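Source file: structure_2.cif. Holds: mmCIF, C-alpha atoms.
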data_start
loop_
_atom_site.label_atom_id
_atom_site.label_comp_id
_atom_site.auth_asym_id
_atom_site.auth_seq_id
_atom_site.Cartn_x
_atom_site.Cartn_y
_atom_site.Cartn_z
CA MET R 1 -25.20 -78.18 72.11
CA GLU R 2 -25.31 -79.85 75.52
CA TYR R 3 -28.59 -80.44 77.29
CA THR R 4 -29.27 -81.52 80.82
CA LEU R 5 -31.67 -84.44 81.19
CA GLU R 6 -34.54 -82.13 82.12
CA GLN R 7 -34.02 -79.88 79.11
CA ALA R 8 -33.76 -82.88 76.82
CA ILE R 9 -37.05 -84.30 78.11
CA VAL R 10 -38.80 -80.93 77.68
CA LEU R 11 -37.44 -80.61 74.15
CA ALA R 12 -38.50 -84.14 73.26
CA ALA R 13 -41.97 -83.56 74.69
CA LYS R 14 -42.24 -80.33 72.69
CA PHE R 15 -41.43 -82.06 69.43
CA LEU R 16 -43.68 -85.02 70.23
CA GLY R 17 -46.52 -82.66 71.11
CA ALA R 18 -46.11 -80.71 67.89
CA GLY R 19 -46.12 -83.93 65.90
CA LEU R 20 -49.15 -85.29 67.72
CA ALA R 21 -51.03 -82.01 67.28
CA MET R 22 -50.84 -82.44 63.53
CA VAL R 23 -52.86 -85.70 63.80
CA GLY R 24 -55.83 -83.34 63.88
CA THR R 25 -55.38 -82.70 60.18
CA LEU R 26 -56.67 -86.22 59.54
CA GLY R 27 -60.26 -85.11 60.06
CA ALA R 28 -59.86 -82.05 57.86
CA GLY R 29 -58.36 -84.19 55.10
CA LEU R 30 -61.26 -86.62 55.25
CA GLY R 31 -63.75 -83.75 55.27
CA ILE R 32 -62.16 -82.03 52.27
CA GLY R 33 -62.10 -85.35 50.41
CA ILE R 34 -65.80 -85.91 51.06
CA LEU R 35 -66.58 -82.32 50.02
CA GLY R 36 -64.58 -82.66 46.81
CA SER R 37 -66.27 -85.93 45.96
CA GLY R 38 -69.70 -84.44 46.57
CA ALA R 39 -68.93 -81.38 44.46
CA MET R 40 -67.58 -83.54 41.61
CA GLN R 41 -70.75 -85.62 41.60
CA GLY R 42 -72.86 -82.48 41.64
CA ILE R 43 -70.95 -80.97 38.72
CA ALA R 44 -71.10 -84.25 36.78
CA ARG R 45 -74.87 -84.42 37.22
CA ASN R 46 -75.48 -80.76 36.51
CA PRO R 47 -72.54 -79.13 34.69
CA ASP R 48 -74.46 -75.84 34.38
CA ALA R 49 -74.30 -75.33 38.14
CA ALA R 50 -70.49 -75.76 38.21
CA GLY R 51 -69.84 -72.11 39.17
CA ASP R 52 -72.19 -72.07 42.15
CA ILE R 53 -71.02 -75.47 43.31
CA GLN R 54 -67.38 -74.41 43.15
CA ILE R 55 -67.95 -71.29 45.25
CA ASN R 56 -69.87 -73.24 47.87
CA MET R 57 -67.29 -76.00 47.80
CA ILE R 58 -64.43 -73.57 48.43
CA LEU R 59 -66.41 -72.05 51.29
CA ALA R 60 -67.10 -75.43 52.88
CA ILE R 61 -63.48 -76.46 52.36
CA ALA R 62 -62.43 -73.29 54.18
CA PHE R 63 -64.51 -74.39 57.18
CA ALA R 64 -63.09 -77.90 57.12
CA GLU R 65 -59.57 -76.62 56.59
CA ALA R 66 -59.86 -74.25 59.54
CA VAL R 67 -59.70 -77.25 61.89
CA ALA R 68 -56.44 -78.37 60.30
CA ILE R 69 -55.09 -74.85 60.60
CA TYR R 70 -55.90 -74.76 64.32
CA ALA R 71 -53.83 -77.93 64.65
CA LEU R 72 -51.04 -76.24 62.67
CA VAL R 73 -51.18 -73.16 64.92
CA VAL R 74 -50.95 -75.36 68.03
CA ALA R 75 -47.97 -77.20 66.55
CA LEU R 76 -46.23 -73.96 65.54
CA VAL R 77 -46.83 -72.41 68.95
CA LEU R 78 -45.37 -75.51 70.61
CA LEU R 79 -42.32 -75.39 68.35
CA PHE R 80 -41.54 -71.68 68.28
CA VAL R 81 -43.29 -69.90 71.14
CA ALA R 82 -43.54 -72.29 74.11
CA LYS R 83 -40.51 -72.07 76.31
CA MET H 84 -44.15 -55.86 13.98
CA THR H 85 -45.83 -59.01 15.16
CA THR H 86 -42.86 -61.23 14.33
CA ARG H 87 -40.56 -58.98 16.32
CA LYS H 88 -42.83 -59.12 19.31
CA LYS H 89 -42.90 -62.90 19.09
CA LYS H 90 -39.11 -63.03 19.03
CA GLU H 91 -38.86 -60.79 22.10
CA LEU H 92 -41.24 -63.03 23.98
CA HIS H 93 -39.07 -65.95 23.01
CA ILE H 94 -35.95 -64.33 24.45
CA THR H 95 -37.73 -63.38 27.68
CA ARG H 96 -38.88 -66.94 28.15
CA TRP H 97 -35.33 -68.30 27.91
CA LEU H 98 -34.09 -65.55 30.20
CA VAL H 99 -36.62 -66.53 32.86
CA LEU H 100 -35.66 -70.19 32.57
CA ALA H 101 -31.94 -69.30 32.84
CA LEU H 102 -32.65 -67.18 35.92
CA LEU H 103 -34.61 -70.00 37.54
CA ILE H 104 -31.76 -72.44 36.95
CA ALA H 105 -29.23 -69.87 38.20
CA VAL H 106 -31.22 -69.39 41.41
CA GLY H 107 -31.29 -73.15 41.89
CA ILE H 108 -27.53 -73.46 41.40
CA VAL H 109 -26.79 -70.55 43.74
CA GLY H 110 -29.15 -72.05 46.31
CA VAL H 111 -27.26 -75.35 46.21
CA LEU H 112 -23.77 -73.79 46.26
CA VAL H 113 -24.35 -71.13 48.93
CA LYS H 114 -26.16 -72.69 51.83
CA PRO H 115 -28.88 -70.27 52.98
CA ALA H 116 -29.12 -69.34 56.66
CA ARG H 117 -32.33 -70.39 58.35
CA PRO H 118 -34.04 -67.24 59.67
CA ASP H 119 -35.35 -67.01 63.18
CA VAL H 120 -39.01 -67.98 63.39
CA SER H 121 -41.12 -65.87 65.71
CA LEU H 122 -44.90 -65.80 65.91
CA LYS H 123 -44.90 -62.22 67.16
CA GLY H 124 -43.87 -59.38 64.90
CA GLU H 125 -40.23 -58.59 65.59
CA THR H 126 -39.57 -55.23 67.25
CA LEU H 127 -37.63 -52.74 65.15
CA VAL H 128 -37.79 -49.62 67.35
CA THR H 129 -38.96 -49.09 70.91
CA PHE H 130 -40.29 -45.71 71.98
CA PRO H 131 -39.56 -45.27 75.69
CA LEU H 132 -41.37 -41.92 75.76
CA LEU H 133 -44.67 -43.51 74.70
CA GLY H 134 -44.61 -46.07 77.47
CA GLY H 135 -42.52 -48.70 75.73
CA LEU H 136 -44.62 -48.69 72.57
CA THR H 137 -42.89 -50.77 69.92
CA LEU H 138 -42.75 -50.50 66.16
CA THR H 139 -42.85 -54.00 64.69
CA ASN H 140 -41.87 -55.03 61.19
CA THR H 141 -45.38 -56.34 60.47
CA PHE H 142 -46.80 -52.90 61.23
CA VAL H 143 -44.33 -51.25 58.85
CA THR H 144 -45.46 -53.66 56.15
CA THR H 145 -49.13 -53.05 56.98
CA VAL H 146 -48.59 -49.37 56.23
CA ILE H 147 -46.86 -50.29 52.95
CA VAL H 148 -49.77 -52.58 52.02
CA ASP H 149 -52.22 -49.75 52.76
CA LEU H 150 -50.20 -47.37 50.57
CA ILE H 151 -50.13 -49.90 47.72
CA VAL H 152 -53.89 -50.38 47.93
CA ILE H 153 -54.51 -46.61 47.99
CA VAL H 154 -52.21 -46.00 45.02
CA LEU H 155 -53.85 -48.82 43.05
CA ALA H 156 -57.29 -47.46 43.91
CA LEU H 157 -56.36 -43.95 42.75
CA ALA H 158 -54.80 -45.31 39.54
CA ALA H 159 -57.86 -47.43 38.84
CA GLY H 160 -60.20 -44.53 39.61
CA ARG H 161 -58.44 -42.30 37.06
CA GLY H 162 -58.90 -44.87 34.31
CA ILE H 163 -62.65 -45.28 34.71
CA ARG H 164 -64.60 -43.41 32.04
CA ALA H 165 -67.81 -41.74 33.17
CA ASP H 166 -69.46 -42.09 29.76
CA GLY H 167 -69.36 -45.87 29.95
CA SER H 168 -66.69 -46.36 27.29
CA PRO H 169 -64.21 -49.17 27.91
CA SER H 170 -61.68 -48.26 30.60
CA LYS H 171 -57.98 -48.45 29.92
CA GLY H 172 -54.90 -49.88 31.55
CA ILE H 173 -55.05 -50.87 35.19
CA ALA H 174 -58.69 -49.82 35.46
CA ALA H 175 -59.69 -52.52 32.98
CA ILE H 176 -58.08 -55.20 35.16
CA PHE H 177 -59.84 -53.92 38.26
CA GLU H 178 -63.14 -53.68 36.38
CA THR H 179 -62.90 -57.36 35.45
CA ILE H 180 -61.98 -58.51 38.98
CA PHE H 181 -64.48 -56.34 40.82
CA GLY H 182 -67.17 -57.12 38.27
CA ALA H 183 -66.80 -60.79 39.14
CA ILE H 184 -66.82 -60.03 42.88
CA TYR H 185 -69.87 -57.79 42.52
CA SER H 186 -71.89 -60.42 40.69
CA LEU H 187 -70.94 -62.90 43.42
CA VAL H 188 -72.05 -60.46 46.14
CA GLU H 189 -75.30 -59.76 44.29
CA LYS H 190 -76.03 -63.48 43.98
CA THR H 191 -75.37 -64.16 47.67
CA VAL H 192 -76.63 -61.07 49.49
CA GLY H 193 -79.39 -60.06 47.10
CA LYS H 194 -79.92 -56.95 44.94
CA LYS H 195 -81.16 -54.84 47.86
CA TRP H 196 -77.98 -55.03 49.95
CA ALA H 197 -75.35 -55.67 47.27
CA LYS H 198 -74.39 -52.00 46.88
CA GLN H 199 -73.83 -51.55 50.63
CA VAL H 200 -72.02 -54.85 51.20
CA PHE H 201 -69.80 -54.85 48.12
CA PRO H 202 -67.30 -52.13 49.24
CA LEU H 203 -66.56 -53.94 52.50
CA VAL H 204 -66.09 -57.32 50.83
CA ALA H 205 -64.00 -55.91 47.98
CA THR H 206 -61.81 -53.94 50.42
CA ILE H 207 -61.17 -56.99 52.57
CA ILE H 208 -60.31 -59.12 49.54
CA THR H 209 -57.98 -56.46 48.08
CA LEU H 210 -56.22 -55.77 51.38
CA VAL H 211 -55.72 -59.42 52.32
CA LEU H 212 -54.68 -60.33 48.78
CA THR H 213 -52.07 -57.55 48.70
CA ALA H 214 -50.77 -58.54 52.13
CA ASN H 215 -50.58 -62.22 51.15
CA LEU H 216 -48.88 -61.65 47.81
CA LEU H 217 -46.41 -59.13 49.24
CA LYS H 218 -45.04 -62.01 51.31
CA LEU H 219 -43.61 -63.57 48.15
CA PHE H 220 -41.54 -60.57 47.12
CA PRO H 221 -37.75 -60.90 47.44
CA GLY H 222 -36.39 -59.02 50.44
CA MET H 223 -39.33 -59.77 52.70
CA GLU H 224 -38.11 -61.43 55.90
CA SER H 225 -34.53 -61.48 54.55
CA ILE H 226 -33.27 -57.87 54.74
CA GLY H 227 -33.00 -56.20 58.10
CA LEU H 228 -30.94 -55.38 61.15
CA ILE H 229 -28.49 -57.89 62.57
CA GLU H 230 -28.69 -58.08 66.33
CA PRO H 231 -26.31 -59.90 68.69
CA LEU H 232 -27.81 -62.60 70.91
CA THR H 233 -26.78 -62.33 74.53
CA GLY H 234 -28.49 -65.14 76.43
CA GLY H 235 -26.32 -67.93 75.04
CA GLU H 236 -28.96 -68.90 72.50
CA THR H 237 -28.17 -70.52 69.18
CA GLY H 238 -27.62 -67.99 66.41
CA HIS H 239 -25.68 -67.58 63.22
CA ALA H 240 -22.14 -66.48 62.50
CA THR H 241 -21.70 -63.36 60.39
CA ILE H 242 -19.82 -62.75 57.16
CA ASP H 243 -18.89 -59.49 55.41
CA ILE H 244 -20.39 -59.45 51.92
CA ILE H 245 -19.04 -55.98 51.10
CA PRO H 246 -17.78 -53.49 53.70
CA GLY H 247 -20.77 -52.16 55.62
CA LEU H 248 -23.08 -54.97 54.45
CA VAL H 249 -23.09 -58.01 56.70
CA GLY H 250 -24.71 -61.34 56.02
CA LEU H 251 -25.51 -64.36 58.16
CA THR H 252 -23.96 -67.69 57.33
CA ALA H 253 -25.62 -71.07 57.70
CA THR H 254 -23.24 -72.14 60.47
CA GLU H 255 -24.99 -72.17 63.82
CA THR H 256 -23.04 -71.08 66.89
CA THR H 257 -23.76 -70.14 70.47
CA ALA H 258 -20.72 -67.92 71.03
CA ASN H 259 -20.68 -64.61 69.16
CA ALA H 260 -24.09 -65.41 67.69
CA TYR H 261 -26.28 -62.99 65.74
CA LYS H 262 -29.86 -63.04 64.54
CA LEU H 263 -31.72 -61.14 61.85
CA VAL H 264 -34.56 -58.74 62.58
CA PRO H 265 -36.13 -58.19 59.15
CA PHE H 266 -37.48 -54.78 58.14
CA PHE H 267 -40.48 -56.23 56.35
CA ARG H 268 -42.73 -59.15 57.15
CA SER H 269 -46.16 -59.88 55.74
CA PRO H 270 -48.90 -58.49 58.01
CA SER H 271 -51.03 -61.61 57.59
CA THR H 272 -48.38 -63.56 59.54
CA ASP H 273 -49.12 -61.40 62.59
CA LEU H 274 -52.15 -62.05 64.80
CA ASN H 275 -52.71 -58.29 65.26
CA PHE H 276 -53.58 -57.76 61.61
CA THR H 277 -55.80 -60.82 61.21
CA ALA H 278 -57.61 -60.36 64.53
CA SER H 279 -58.37 -56.69 63.87
CA LEU H 280 -59.64 -57.52 60.39
CA ALA H 281 -61.79 -60.31 61.88
CA LEU H 282 -63.18 -57.84 64.47
CA ILE H 283 -64.07 -55.37 61.70
CA ALA H 284 -65.74 -58.13 59.68
CA VAL H 285 -67.82 -59.45 62.60
CA VAL H 286 -68.82 -55.96 63.80
CA MET H 287 -69.95 -55.12 60.26
CA VAL H 288 -71.99 -58.35 60.19
CA GLN H 289 -73.85 -57.14 63.33
CA TYR H 290 -74.23 -53.67 61.76
CA PHE H 291 -75.87 -55.03 58.62
CA GLY H 292 -78.03 -57.36 60.70
CA VAL H 293 -79.33 -54.43 62.77
CA ARG H 294 -79.82 -52.27 59.69
CA ALA H 295 -81.84 -54.96 57.95
CA ASN H 296 -83.95 -56.20 60.86
CA GLY H 297 -83.85 -53.37 63.40
CA PRO H 298 -83.89 -54.34 67.08
CA ARG H 299 -85.47 -57.65 66.09
CA TYR H 300 -81.98 -58.76 65.07
CA PHE H 301 -81.06 -59.24 68.72
CA GLY H 302 -83.97 -61.65 69.05
CA LYS H 303 -81.57 -64.15 67.55
CA PHE H 304 -79.48 -64.04 70.73
CA LEU H 305 -82.19 -63.43 73.35
CA ASN H 306 -84.91 -65.67 72.05
CA PHE H 307 -87.59 -65.36 74.75
CA GLY H 308 -90.56 -65.23 72.33
CA ARG H 309 -92.01 -68.65 72.92
CA PHE H 310 -91.05 -68.56 76.62
CA LEU H 311 -93.16 -65.42 77.13
CA LYS H 312 -96.01 -66.97 75.15
CA MET H 313 -95.98 -69.98 77.45
CA TRP H 314 -95.75 -67.72 80.52
CA ILE H 315 -98.77 -65.65 79.51
CA GLN H 316 -100.98 -68.42 78.17
CA ARG H 317 -100.04 -70.90 80.88
CA LYS H 318 -100.64 -73.58 78.30
CA VAL H 319 -98.22 -76.40 78.95
CA GLY H 320 -98.19 -79.30 76.56
CA PRO H 321 -95.29 -81.74 76.40
CA PHE H 322 -93.44 -79.87 73.64
CA ASP H 323 -94.61 -76.40 74.62
CA ALA H 324 -92.68 -76.81 77.85
CA ILE H 325 -89.45 -77.90 76.19
CA ASN H 326 -89.27 -75.74 73.07
CA PRO H 327 -88.95 -72.34 74.84
CA PHE H 328 -85.88 -73.56 76.70
CA ILE H 329 -84.40 -74.94 73.50
CA ASP H 330 -84.92 -71.49 71.97
CA ILE H 331 -83.05 -69.81 74.83
CA PHE H 332 -80.24 -72.35 74.57
CA VAL H 333 -79.98 -71.85 70.79
CA GLY H 334 -79.81 -68.09 71.40
CA MET H 335 -76.89 -68.62 73.75
CA LEU H 336 -75.16 -70.77 71.15
CA GLU H 337 -75.68 -68.05 68.53
CA PHE H 338 -74.13 -65.53 70.90
CA ILE H 339 -71.07 -67.72 71.44
CA SER H 340 -70.77 -68.43 67.73
CA GLU H 341 -70.26 -64.71 67.06
CA PHE H 342 -67.09 -64.85 69.16
CA ALA H 343 -66.10 -68.14 67.57
CA LYS H 344 -66.34 -66.34 64.21
CA ILE H 345 -63.72 -63.81 65.30
CA ILE H 346 -61.36 -66.56 66.43
CA SER H 347 -61.89 -68.72 63.38
CA PHE H 348 -61.49 -65.76 60.98
CA SER H 349 -58.24 -64.60 62.56
CA PHE H 350 -56.61 -68.00 63.07
CA ARG H 351 -57.56 -69.29 59.63
CA LEU H 352 -55.67 -66.49 57.90
CA LEU H 353 -52.81 -66.42 60.43
CA GLY H 354 -52.31 -70.19 60.43
CA SER H 355 -52.40 -70.49 56.69
CA MET H 356 -50.02 -67.61 56.01
CA PHE H 357 -47.62 -68.15 58.93
CA GLY H 358 -47.54 -71.88 58.24
CA GLY H 359 -46.76 -71.12 54.61
CA ALA H 360 -43.92 -68.78 55.58
CA VAL H 361 -42.40 -71.38 57.90
CA LEU H 362 -42.77 -74.03 55.21
CA VAL H 363 -40.93 -71.88 52.66
CA ILE H 364 -38.16 -71.09 55.19
CA VAL H 365 -37.62 -74.62 56.48
CA LEU H 366 -37.93 -76.49 53.19
CA GLY H 367 -35.96 -73.75 51.47
CA THR H 368 -32.96 -74.32 53.71
CA LEU H 369 -33.22 -78.11 53.48
CA LEU H 370 -33.76 -78.26 49.72
CA PRO H 371 -33.35 -74.83 48.04
CA VAL H 372 -34.67 -76.02 44.66
CA SER H 373 -38.07 -76.76 46.21
CA GLN H 374 -38.69 -72.99 46.41
CA PHE H 375 -40.13 -72.97 42.86
CA GLY H 376 -42.94 -75.33 43.76
CA LEU H 377 -43.53 -73.77 47.18
CA TYR H 378 -43.84 -70.29 45.73
CA PHE H 379 -46.59 -71.44 43.39
CA LEU H 380 -48.30 -73.15 46.31
CA GLU H 381 -48.07 -69.97 48.40
CA LEU H 382 -49.38 -67.89 45.49
CA PHE H 383 -52.39 -70.21 45.30
CA PHE H 384 -52.99 -70.20 49.06
CA GLY H 385 -52.66 -66.43 49.25
CA VAL H 386 -55.38 -65.92 46.65
CA ILE H 387 -57.64 -68.62 48.14
CA GLN H 388 -57.36 -67.29 51.71
CA ALA H 389 -58.10 -63.71 50.59
CA LEU H 390 -61.14 -64.95 48.68
CA VAL H 391 -62.29 -67.09 51.61
CA PHE H 392 -62.02 -64.17 54.06
CA GLY H 393 -64.14 -61.94 51.81
CA VAL H 394 -66.64 -64.63 50.83
CA LEU H 395 -67.17 -65.73 54.44
CA THR H 396 -67.81 -62.12 55.52
CA MET H 397 -70.31 -61.85 52.69
CA VAL H 398 -72.08 -65.09 53.62
CA PHE H 399 -72.34 -64.09 57.30
CA ILE H 400 -73.79 -60.73 56.24
CA ALA H 401 -76.25 -62.53 53.96
CA ILE H 402 -77.37 -64.73 56.88
CA ALA H 403 -77.67 -61.69 59.21
CA THR H 404 -79.67 -59.58 56.76
CA LYS H 405 -82.14 -62.36 55.93
CA GLY H 406 -85.42 -61.74 57.76
CA HIS H 407 -85.00 -63.60 61.00
CA GLY H 408 -88.68 -63.65 61.96
CA GLU H 409 -90.24 -65.51 59.07
CA HIS H 410 -87.27 -67.83 58.93
CA ALA H 411 -87.74 -68.86 62.55
CA ASP H 412 -91.45 -69.48 62.07
CA GLU H 413 -90.74 -71.70 59.12
CA HIS H 414 -88.18 -73.54 61.19
CA GLY H 415 -90.61 -73.99 64.05
CA GLU H 416 -93.24 -75.46 61.77
CA VAL H 417 -90.76 -77.92 60.39
CA GLN H 418 -89.85 -78.95 63.92
CA LYS H 419 -93.52 -79.39 64.81
CA ALA H 420 -94.09 -81.50 61.75
CA HIS H 421 -91.23 -83.71 62.82
CA ALA H 422 -92.54 -83.94 66.35
#
As structure tokens, please, write out the structure in this file.
Amino acid sequence: MEYTLEQAIVLAAKFLGAGLAMVGTLGAGLGIGILGSGAMQGIARNPDAAGDIQINMILAIAFAEAVAIYALVVALVLLFVAK
Amino acid sequence: MTTRKKKELHITRWLVLALLIAVGIVGVLVKPARPDVSLKGETLVTFPLLGGLTLTNTFVTTVIVDLIVIVLALAAGRGIRADGSPSKGIAAIFETIFGAIYSLVEKTVGKKWAKQVFPLVATIITLVLTANLLKLFPGMESIGLIEPLTGGETGHATIDIIPGLVGLTATETTANAYKLVPFFRSPSTDLNFTASLALIAVVMVQYFGVRANGPRYFGKFLNFGRFLKMWIQRKVGPFDAINPFIDIFVGMLEFISEFAKIISFSFRLLGSMFGGAVLVIVLGTLLPVSQFGLYFLELFFGVIQALVFGVLTMVFIAIATKGHGEHADEHGEVQKAHA
């Protein structure tokens, strides 16, 4: 498919933007890692509380993960919706 | 009897493995066409009489999901025994699952509200779980109408599988191009479904907050208590002058956070499910064998996201129903101690 220079620049910017948007997942990854480490330590210290800790961990992970998902939504919108 | 059953299981296991390998081979030999990715639900029918109202494939699937949930509920309801004897069949499965959810609700919300909150949470979890798992069924997003593209966009060439049944090939063309409009697509990949569910969840949070605390619940948003106290007493110490304004500001933040809840609820589910669908499509066309792993991943994410939606609703209700008054006083004292 042939592109004019303008179209090619727009396309390149779109892909670059989508890629850069996903940098936001870095924070979510770090957050989930910290949460997992904390939960592991909690379970190791008090194995009886494993059930409660797991539920709260999943909940907190959902909050941390939401940030990554916003980044994903921005990237997907750039790729598939933005004209 | 038992040996025969074991042998049957053995055969089934090999059959499943053979099918998996066959799917892999077919996926490598016949290159799959990459479906069109669209964030909106694709329009199946337009009704010009109703002002251009459209019927989208995600709505069709929403209705199917509702029907599945209703049928499952009726089937489970028939199996429950009133005399407390063990239930049979599908009811036993639902008893186990909902028993676990109920104990979770009771632990979080408290005995007093558990019976009122549980139906909402269980319904949300069941509905979202059905919608998420339905995405993995064969035929979703792959069977539908083939429409010609007119604007010179890139589409796929067509091929006759049998007379009357047309398929898309992997070759991408601009001339004589067609695209697929699938009949079914998981509702959780459409913002309409997730946003409306998020609205229901957040409105119900306010409802339970008002039911538990009465009009005092709105004191969380319009926190003028200490401001009025200062106004009447005209007693202005260094912290007495600042704290009332902090209260008002915190109330504003609480008000905004209710709207942030709607957005975060809806985009969490949408992003996770739509992202998963795109992942399966794109990686599936690049490397068809990877579908096995991705399907397990999507199964896991579907269950987790359904659970998270329900559990978050439950936690927000638990926060809203907790007595706001005594909590705030306690908080204030802590702040004073720090000051």
Determine, for each residue of chain H having at least one atom at most 7 Å from an atom of chain R, the closest pair of atoms and their separation in Å to one decimal, counting all atoms listed in the file; order by chain and ascending number, as a tab-separated table.
residue	atom	partner	partner_atom	distance
H:Val120	CA	R:Phe80	CA	6.6
H:Ser121	CA	R:Phe80	CA	6.4
H:Leu122	CA	R:Val81	CA	6.8
H:Phe350	CA	R:Tyr70	CA	6.9
H:Arg351	CA	R:Ala66	CA	5.5
H:Gly354	CA	R:Ile69	CA	5.4
H:Ser355	CA	R:Ile69	CA	6.4
H:Val391	CA	R:Leu59	CA	6.5
**Request:** List the neighbours of Thr141 of chain H out to 7 Å using all atoms listed in the file; skip same-chain residues closer than 2 positions along the sequence, and give me the result as a ChimeraX atom specification.
**Result:** /H:124,139,143-145,267-270,273
**Prompt:** So which residues get picked by the PyMOL selection byres ((chain R and resi 26) around 12) here, written as a list of chain:residue names?
**Reply:** R:Leu20, R:Ala21, R:Met22, R:Val23, R:Gly24, R:Thr25, R:Gly27, R:Ala28, R:Gly29, R:Leu30, R:Gly31, R:Ile32, R:Gly33, R:Ala64, R:Glu65, R:Val67, R:Ala68, R:Ile69, R:Ala71, R:Leu72
May I have the centre and edge lengths, in Å to one decimal, of an axis-aligned box around the listed atoms of segment 49-54 of chain R with 6 Å added to every side, as lines of an AutoDock Vina configuration file?
center_x = -70.8
center_y = -73.9
center_z = 40.7
size_x = 18.9
size_y = 15.7
size_z = 17.2
**Request:** Find the distance between atom CA of Leu136 of chain H and atom CA of Leu353 of chain H and write it in Å to one decimal.
**Result:** 23.0 Å
**Request:** Report as a ChimeraX atom specification the full result of the PyMOL selection byres ((chain H and resi 100-117) around 12) when it is applied to this structure.
**Result:** /H:93-99,118-120,224-225,237-242,250-255,261-263,361-376
**Message:** Can you translate the PyMOL selection byres ((chain H and resi 292) around 9) into the concrete residues it hits in this file, as a list in words?
**Reply:** Met287, Val288, Gln289, Tyr290, Phe291, Val293, Arg294, Ala295, Asn296, Gly297, Tyr300, Phe301, Ile400, Ala401, Ile402, Ala403, Thr404 and Lys405 of chain H
**Asked** Using only C-alpha atoms, which residues sit within 12 Å of Phe332 of chain H once same-chain residues fewer than 2 positions away are excluded, as number ranges by chain?
**Response** H: 303-307, 310, 325-330, 334-339
**Item:** Coordinates-based distance that separates atom CA of Ala214 of chain H from atom CA of Ile173 of chain H (Å, one decimal)
**Value:**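 Going from atom CA of Ile173 of chain H over to atom CA of Ala214 of chain H covers 19.1 Å.
Counting from atom CA of Phe15 of chain R, the distance to atom CA of Leu78 of chain R is 7.7 Å.
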Could you give me, as a PDB file with C-alpha atoms, in the frame of the given file, the residues within 8 Å of Leu228 of chain H, counting all atoms listed in the file and dropping anything in the same chain fewer than 4 positions from it?
ATOM      1  CA  LEU H 263     -31.720 -61.140  61.850  1.00  0.00           C
ATOM      2  CA  VAL H 264     -34.560 -58.740  62.580  1.00  0.00           C
ATOM      3  CA  PRO H 265     -36.130 -58.190  59.150  1.00  0.00           C
ATOM      4  CA  PHE H 266     -37.480 -54.780  58.140  1.00  0.00           C
TER       5      PHE H 266
END
**Request:** Identify which of the residues H:Ala175, H:Leu187, H:Ile207, H:Val148 lies closest to Gly51 of chain R, counting only C-alpha atoms when measuring atom-to-atom distances.
**Result:**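 Between H:Ala175, H:Leu187, H:Ile207, H:Val148, the residue approaching Gly51 of chain R most closely is H:Leu187.
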**Request:** Using all atoms listed in the file, find the one residue out of H:Leu212, H:Leu352, H:Leu203, H:Ala156 that sits nearest to Ile283 of chain H.
**Result:** H:Leu203
**Asked** Between H:Ile345, H:Met356, H:Phe142, H:Val394, which has the minimum distance to Met57 of chain R (counting all atoms listed in the file)?
**Response**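 The closest residue to Met57 of chain R is H:Val394.
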